[in-house]
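Trainee: Handing you this structure, nothing more for now.
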Amino acid sequence: MKKNIIFVTKALWIGGIETALINLLNHFDYERYDVTLLVLHAELDMLEQVHPKCRVLIVDREKTVTFKKAYAYSKLYHLTENADRPSVLHKAMMWTVPVIKWIENRLYIFYIREMLQDEKYDACIIYSDVVAEIAIRSIQAKKFLMFYHHGAMRHVYHDAIAYRRCEKIIAVSENQANELKKFVPSAAEKIIVIHNLTDVEGIRAKGAQPTEEIFDETKFNIVSVGRVSHEKGMDIAVRVCAELVEKGYDNILWWIVGGGPAMQEVRDTIVETHMQDHVITVGMQSNPYPYIRQADLYVQPSRYESFGLTIMEALILDKKVVSTDTFGAKEILSRRDDCALCKVDVTLLANAVKKYIKCSESQQHAGSVSKQFEKENKTLMERFEKFL
């Protein structure tokens, strides 16, 4: 008899967490499992990449996508948002935000339960920890598991009900698990480690596709991929580039592939450091792999990183990597002689990159790790299924 499981996540926008989720969904044996993916926001950039046998349900507060009945309290939800030009009434309402949020959240939970028509599952996997409470209160399941993806132990990502109700909390790296155990000692015995899976064959196939932008082969092309947010450190990449140019390494083109809330800060930093001729922002790309494939060096400048999926993807595409020594990066790169780790520091990163620019063998590929990752995928999937 098939096991009936449900994943709950926030959205399917383009990002590392979403890519890892899709890789996991696509590795299931659908002859043995009935899999449902419940998505709470209708940002669905990566929807087409989900396995066709995976049932996808969208329960957005503002859009009716899967179900005919709309959520009736979206206006109440918006009362808790900051307005650019708030009215007197809105300012008054903001004093009551905690109460409004609590009420609206419960109404949304009741709505999801109604749409699911009391469906019951063998296991519920909370893949986006920020939706943990909604998942636990709205889904009827025999057991709950939760993935924790964040490199920073910030309070916003922690929910007491999740640590209390979940049988296992899945960290995506050993270093992250150790920190999480210190941060939430009451849940330490529940915390386990399962690395993110990688789509080796898919990454190589997508990497072979062309890009609209043409790389100048006379330049030393550096690529950084990720959500443009504070934790990903793309502003640091710009300052590293500026320091290298200042030291005479002006044959650099640094490609930043991604979009996000810190994009304006990155663009301002480019202007401030006069890097307009050296740093290229290409925005969010559904397929970033051709950019990585064409790189002479891949650099991950993150301030925080729980795993570093893009680092693994760069290795699959046979690239040498320079990364800050975040939780995941240390785990992936510490035993590789052809890659470098350093502190989150502009000068240290610049010095690490400089070695690859100067090296006469810098154009050569790193050793292929595809077979290693394919073997790890099978092991990771077997380990994960033991807890379902």
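Ordering of the structure tokens sets the chain letters (A, B, ...); residue numbers start at 1 within each chain; ligands are numbered from 1 in the order shown.
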From range 317-382 of chain A, collect each residue whose DSSP state is strand (DSSP E) and return the set as a list in words.
Mentor: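 Residues of range 317-382 of chain A classed as strand (DSSP E): Val321, Val322, Ser323, Thr324, Ala340, Leu341 and Cys342 of chain A.
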Trainee: Store the residues of this selection in a file with N, CA and C atoms, as a short mmCIF file (atom, residue, chain, number, x, y, z; two decimals), in the first residue's frame.
Mentor:
```
data_model
loop_
_atom_site.label_atom_id
_atom_site.label_comp_id
_atom_site.auth_asym_id
_atom_site.auth_seq_id
_atom_site.Cartn_x
_atom_site.Cartn_y
_atom_site.Cartn_z
N VAL A 321 36.09 26.62 -7.06
CA VAL A 321 35.22 27.45 -6.23
C VAL A 321 36.01 28.15 -5.14
N VAL A 322 35.69 29.43 -4.96
CA VAL A 322 36.13 30.18 -3.78
C VAL A 322 34.87 30.54 -3.01
N SER A 323 34.85 30.26 -1.71
CA SER A 323 33.66 30.53 -0.91
C SER A 323 34.03 31.02 0.48
N THR A 324 33.13 31.78 1.06
CA THR A 324 33.25 32.10 2.48
C THR A 324 33.00 30.81 3.27
N ALA A 340 38.84 26.95 -2.48
CA ALA A 340 39.34 27.73 -1.35
C ALA A 340 38.21 28.21 -0.46
N LEU A 341 38.47 28.22 0.85
CA LEU A 341 37.56 28.75 1.85
C LEU A 341 38.23 29.89 2.59
N CYS A 342 37.48 30.94 2.91
CA CYS A 342 38.06 32.02 3.71
C CYS A 342 36.95 32.72 4.49
#
```
Trainee: Near Phe215 in chain A, within 12 Å and counting only C-alpha atoms, which residues show up once chain neighbours fewer than 2 positions away are dropped, as a PDB file with N, CA, C and O atoms, in the first residue's frame?
Mentor:
```
ATOM      1  N   PRO A 210      22.546  27.809 -24.229  1.00  0.00           N
ATOM      2  CA  PRO A 210      23.195  29.113 -24.432  1.00  0.00           C
ATOM      3  C   PRO A 210      22.628  30.178 -23.496  1.00  0.00           C
ATOM      4  O   PRO A 210      21.559  30.009 -22.913  1.00  0.00           O
ATOM      5  N   THR A 211      23.349  31.270 -23.353  1.00  0.00           N
ATOM      6  CA  THR A 211      22.867  32.447 -22.623  1.00  0.00           C
ATOM      7  C   THR A 211      22.688  33.597 -23.609  1.00  0.00           C
ATOM      8  O   THR A 211      23.303  33.613 -24.673  1.00  0.00           O
ATOM      9  N   GLU A 212      21.839  34.544 -23.226  1.00  0.00           N
ATOM     10  CA  GLU A 212      21.668  35.721 -24.078  1.00  0.00           C
ATOM     11  C   GLU A 212      22.944  36.550 -24.095  1.00  0.00           C
ATOM     12  O   GLU A 212      23.330  37.113 -25.117  1.00  0.00           O
ATOM     13  N   GLU A 213      23.599  36.623 -22.934  1.00  0.00           N
ATOM     14  CA  GLU A 213      24.842  37.393 -22.842  1.00  0.00           C
ATOM     15  C   GLU A 213      26.027  36.549 -23.325  1.00  0.00           C
ATOM     16  O   GLU A 213      26.099  35.358 -23.035  1.00  0.00           O
ATOM     17  N   GLU A 217      35.832  35.920 -23.784  1.00  0.00           N
ATOM     18  CA  GLU A 217      36.827  34.903 -23.431  1.00  0.00           C
ATOM     19  C   GLU A 217      38.214  35.484 -23.191  1.00  0.00           C
ATOM     20  O   GLU A 217      39.108  34.794 -22.703  1.00  0.00           O
ATOM     21  N   THR A 218      38.398  36.757 -23.531  1.00  0.00           N
ATOM     22  CA  THR A 218      39.686  37.401 -23.241  1.00  0.00           C
ATOM     23  C   THR A 218      39.740  37.890 -21.789  1.00  0.00           C
ATOM     24  O   THR A 218      40.796  38.323 -21.323  1.00  0.00           O
ATOM     25  N   LYS A 219      38.607  37.858 -21.110  1.00  0.00           N
ATOM     26  CA  LYS A 219      38.527  38.286 -19.714  1.00  0.00           C
ATOM     27  C   LYS A 219      38.542  37.075 -18.785  1.00  0.00           C
ATOM     28  O   LYS A 219      38.307  35.941 -19.202  1.00  0.00           O
ATOM     29  N   PHE A 220      38.819  37.340 -17.505  1.00  0.00           N
ATOM     30  CA  PHE A 220      38.685  36.314 -16.479  1.00  0.00           C
ATOM     31  C   PHE A 220      37.282  36.451 -15.908  1.00  0.00           C
ATOM     32  O   PHE A 220      36.971  37.400 -15.186  1.00  0.00           O
ATOM     33  N   ASN A 221      36.417  35.500 -16.256  1.00  0.00           N
ATOM     34  CA  ASN A 221      35.011  35.580 -15.901  1.00  0.00           C
ATOM     35  C   ASN A 221      34.724  34.868 -14.576  1.00  0.00           C
ATOM     36  O   ASN A 221      34.974  33.662 -14.449  1.00  0.00           O
ATOM     37  N   ILE A 222      34.203  35.640 -13.627  1.00  0.00           N
ATOM     38  CA  ILE A 222      33.819  35.111 -12.314  1.00  0.00           C
ATOM     39  C   ILE A 222      32.303  35.149 -12.229  1.00  0.00           C
ATOM     40  O   ILE A 222      31.665  36.118 -12.647  1.00  0.00           O
ATOM     41  N   VAL A 223      31.704  34.104 -11.672  1.00  0.00           N
ATOM     42  CA  VAL A 223      30.247  34.036 -11.559  1.00  0.00           C
ATOM     43  C   VAL A 223      29.847  33.775 -10.106  1.00  0.00           C
ATOM     44  O   VAL A 223      30.462  32.956  -9.420  1.00  0.00           O
ATOM     45  N   ILE A 252      38.955  41.593 -15.267  1.00  0.00           N
ATOM     46  CA  ILE A 252      37.893  40.801 -14.626  1.00  0.00           C
ATOM     47  C   ILE A 252      36.517  41.218 -15.135  1.00  0.00           C
ATOM     48  O   ILE A 252      36.240  42.400 -15.309  1.00  0.00           O
ATOM     49  N   LEU A 253      35.669  40.215 -15.335  1.00  0.00           N
ATOM     50  CA  LEU A 253      34.232  40.437 -15.467  1.00  0.00           C
ATOM     51  C   LEU A 253      33.555  39.565 -14.420  1.00  0.00           C
ATOM     52  O   LEU A 253      33.758  38.354 -14.389  1.00  0.00           O
ATOM     53  N   TRP A 254      32.786  40.193 -13.531  1.00  0.00           N
ATOM     54  CA  TRP A 254      32.130  39.458 -12.449  1.00  0.00           C
ATOM     55  C   TRP A 254      30.628  39.459 -12.710  1.00  0.00           C
ATOM     56  O   TRP A 254      29.975  40.488 -12.712  1.00  0.00           O
ATOM     57  N   TRP A 255      30.074  38.268 -12.929  1.00  0.00           N
ATOM     58  CA  TRP A 255      28.665  38.113 -13.264  1.00  0.00           C
ATOM     59  C   TRP A 255      27.875  37.753 -12.007  1.00  0.00           C
ATOM     60  O   TRP A 255      28.154  36.737 -11.367  1.00  0.00           O
ATOM     61  N   ILE A 280      28.561  42.706 -13.781  1.00  0.00           N
ATOM     62  CA  ILE A 280      27.357  42.615 -14.608  1.00  0.00           C
ATOM     63  C   ILE A 280      26.271  41.900 -13.816  1.00  0.00           C
ATOM     64  O   ILE A 280      26.463  40.771 -13.361  1.00  0.00           O
ATOM     65  N   PRO A 290      24.154  27.779 -17.404  1.00  0.00           N
ATOM     66  CA  PRO A 290      25.074  28.176 -18.493  1.00  0.00           C
ATOM     67  C   PRO A 290      26.060  29.259 -18.064  1.00  0.00           C
ATOM     68  O   PRO A 290      27.185  29.312 -18.580  1.00  0.00           O
ATOM     69  N   TYR A 291      25.653  30.113 -17.126  1.00  0.00           N
ATOM     70  CA  TYR A 291      26.571  31.136 -16.624  1.00  0.00           C
ATOM     71  C   TYR A 291      27.692  30.484 -15.829  1.00  0.00           C
ATOM     72  O   TYR A 291      28.871  30.839 -15.978  1.00  0.00           O
ATOM     73  N   ILE A 292      27.321  29.516 -14.973  1.00  0.00           N
ATOM     74  CA  ILE A 292      28.343  28.816 -14.196  1.00  0.00           C
ATOM     75  C   ILE A 292      29.278  28.045 -15.125  1.00  0.00           C
ATOM     76  O   ILE A 292      30.501  28.047 -14.941  1.00  0.00           O
ATOM     77  N   ARG A 293      28.696  27.391 -16.136  1.00  0.00           N
ATOM     78  CA  ARG A 293      29.507  26.593 -17.066  1.00  0.00           C
ATOM     79  C   ARG A 293      30.575  27.428 -17.755  1.00  0.00           C
ATOM     80  O   ARG A 293      31.699  26.965 -17.983  1.00  0.00           O
ATOM     81  N   GLN A 294      30.251  28.680 -18.075  1.00  0.00           N
ATOM     82  CA  GLN A 294      31.198  29.530 -18.802  1.00  0.00           C
ATOM     83  C   GLN A 294      32.208  30.239 -17.896  1.00  0.00           C
ATOM     84  O   GLN A 294      33.111  30.909 -18.376  1.00  0.00           O
ATOM     85  N   ALA A 295      32.060  30.070 -16.603  1.00  0.00           N
ATOM     86  CA  ALA A 295      32.918  30.789 -15.661  1.00  0.00           C
ATOM     87  C   ALA A 295      34.330  30.215 -15.623  1.00  0.00           C
ATOM     88  O   ALA A 295      34.534  29.013 -15.779  1.00  0.00           O
ATOM     89  N   ASP A 296      35.294  31.087 -15.386  1.00  0.00           N
ATOM     90  CA  ASP A 296      36.656  30.648 -15.074  1.00  0.00           C
ATOM     91  C   ASP A 296      36.777  30.312 -13.591  1.00  0.00           C
ATOM     92  O   ASP A 296      37.646  29.527 -13.192  1.00  0.00           O
TER      93      ASP A 296
END
```
Trainee: May I have a table of the residues of range 32-139 of chain A lying at most 8 Å from range 149-163 of chain A, giving each one's closest pair of atoms and their distance in Å to one decimal, counting only C-alpha atoms, ordered by chain and ascending residue number, as a tab-separated table?
Mentor:
```
residue	atom	partner	partner_atom	distance
A:Asp129	CA	A:Tyr157	CA	6.5
A:Val130	CA	A:Tyr157	CA	5.9
A:Ala132	CA	A:Ala162	CA	5.9
A:Glu133	CA	A:Ile161	CA	6.5
A:Ile136	CA	A:Ala162	CA	7.4
```
Trainee: I need the residues of range 128-348 of chain A that end up classed as alpha helix (DSSP H) by DSSP on the backbone, written out as a ChimeraX atom specification.
Mentor: /A:132-138,160-165,174-183,200-207,234-246,263-272,289-293,309-316,327-333,346-348
Trainee: In Å to one decimal, how far is CA of Arg137 in chain A from CA of Leu25 in chain A?
Mentor: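 For CA of Leu25 in chain A relative to CA of Arg137 in chain A, the distance reads 23.1 Å.
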Trainee: Measuring atom to atom with only C-alpha atoms, identify which of A:Arg61, A:Asn4, A:Tyr33, A:His78 is nearest to Glu119 in chain A.
Mentor: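 The shortest atom-to-atom distance to Glu119 in chain A comes from A:Asn4.
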Trainee: Mind checking which residues fall within 7 Å of range 190-197 of chain A, counting only C-alpha atoms, ignoring those fewer than 2 positions away in the same chain, and posting them as an MDAnalysis selection string?
Mentor: chainID A and resid 20 23:24 167:174 177 187:188 199 377 380
Trainee: Any chance you could tabulate, as a tab-separated table, the residues of range 224-274 of chain A at most 12 Å from range 312-319 of chain A with each one's nearest atom pair and distance in Å to one decimal, using only C-alpha atoms, in chain and rising number order?
Mentor:
```
residue	atom	partner	partner_atom	distance
A:Ser224	CA	A:Ala314	CA	9.9
A:Val225	CA	A:Ala314	CA	9.7
A:Gly226	CA	A:Glu313	CA	11.9
```
Trainee: Give me, as a PyMOL selection string, all polymer residues having an atom no more than 12 Å from Tyr71 in chain A, counting only C-alpha atoms and skipping those fewer than 2 positions away in the same chain.
Mentor: chain A and resi 40+58-69+73-77+104-105+107-115
Trainee: Under the rule that only C-alpha atoms are counted, which of A:Glu382, A:Val99, A:Val8, A:Val279 is the nearest residue to Cys124 in chain A?
Mentor: A:Val8
Trainee: Have a look at CA of Ser138 in chain A and CA of Leu388 in chain A and let me know their distance in Å, one decimal.
Mentor: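 A separation of 18.9 Å between them.
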Trainee: In Å, how far is it from CA of Val369 in chain A to CA of Gly207 in chain A?
Mentor: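 Taking CA of Val369 in chain A and CA of Gly207 in chain A, their separation equals 15.4 Å.
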Trainee: Give the answer as one residue: which of A:Thr326, A:Gln117, A:Ser128, A:Asn175 has the shortest atom-to-atom distance to Leu37 in chain A, using only C-alpha atoms?
Mentor: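 Among the listed residues, A:Ser128 lies closest to Leu37 in chain A.
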Trainee: Choose the residue, out of A:Val299, A:Ala237, A:Tyr121, A:Val245, that has the smallest atom-to-atom separation from Arg267 in chain A; count only C-alpha atoms.
Mentor: A:Ala237
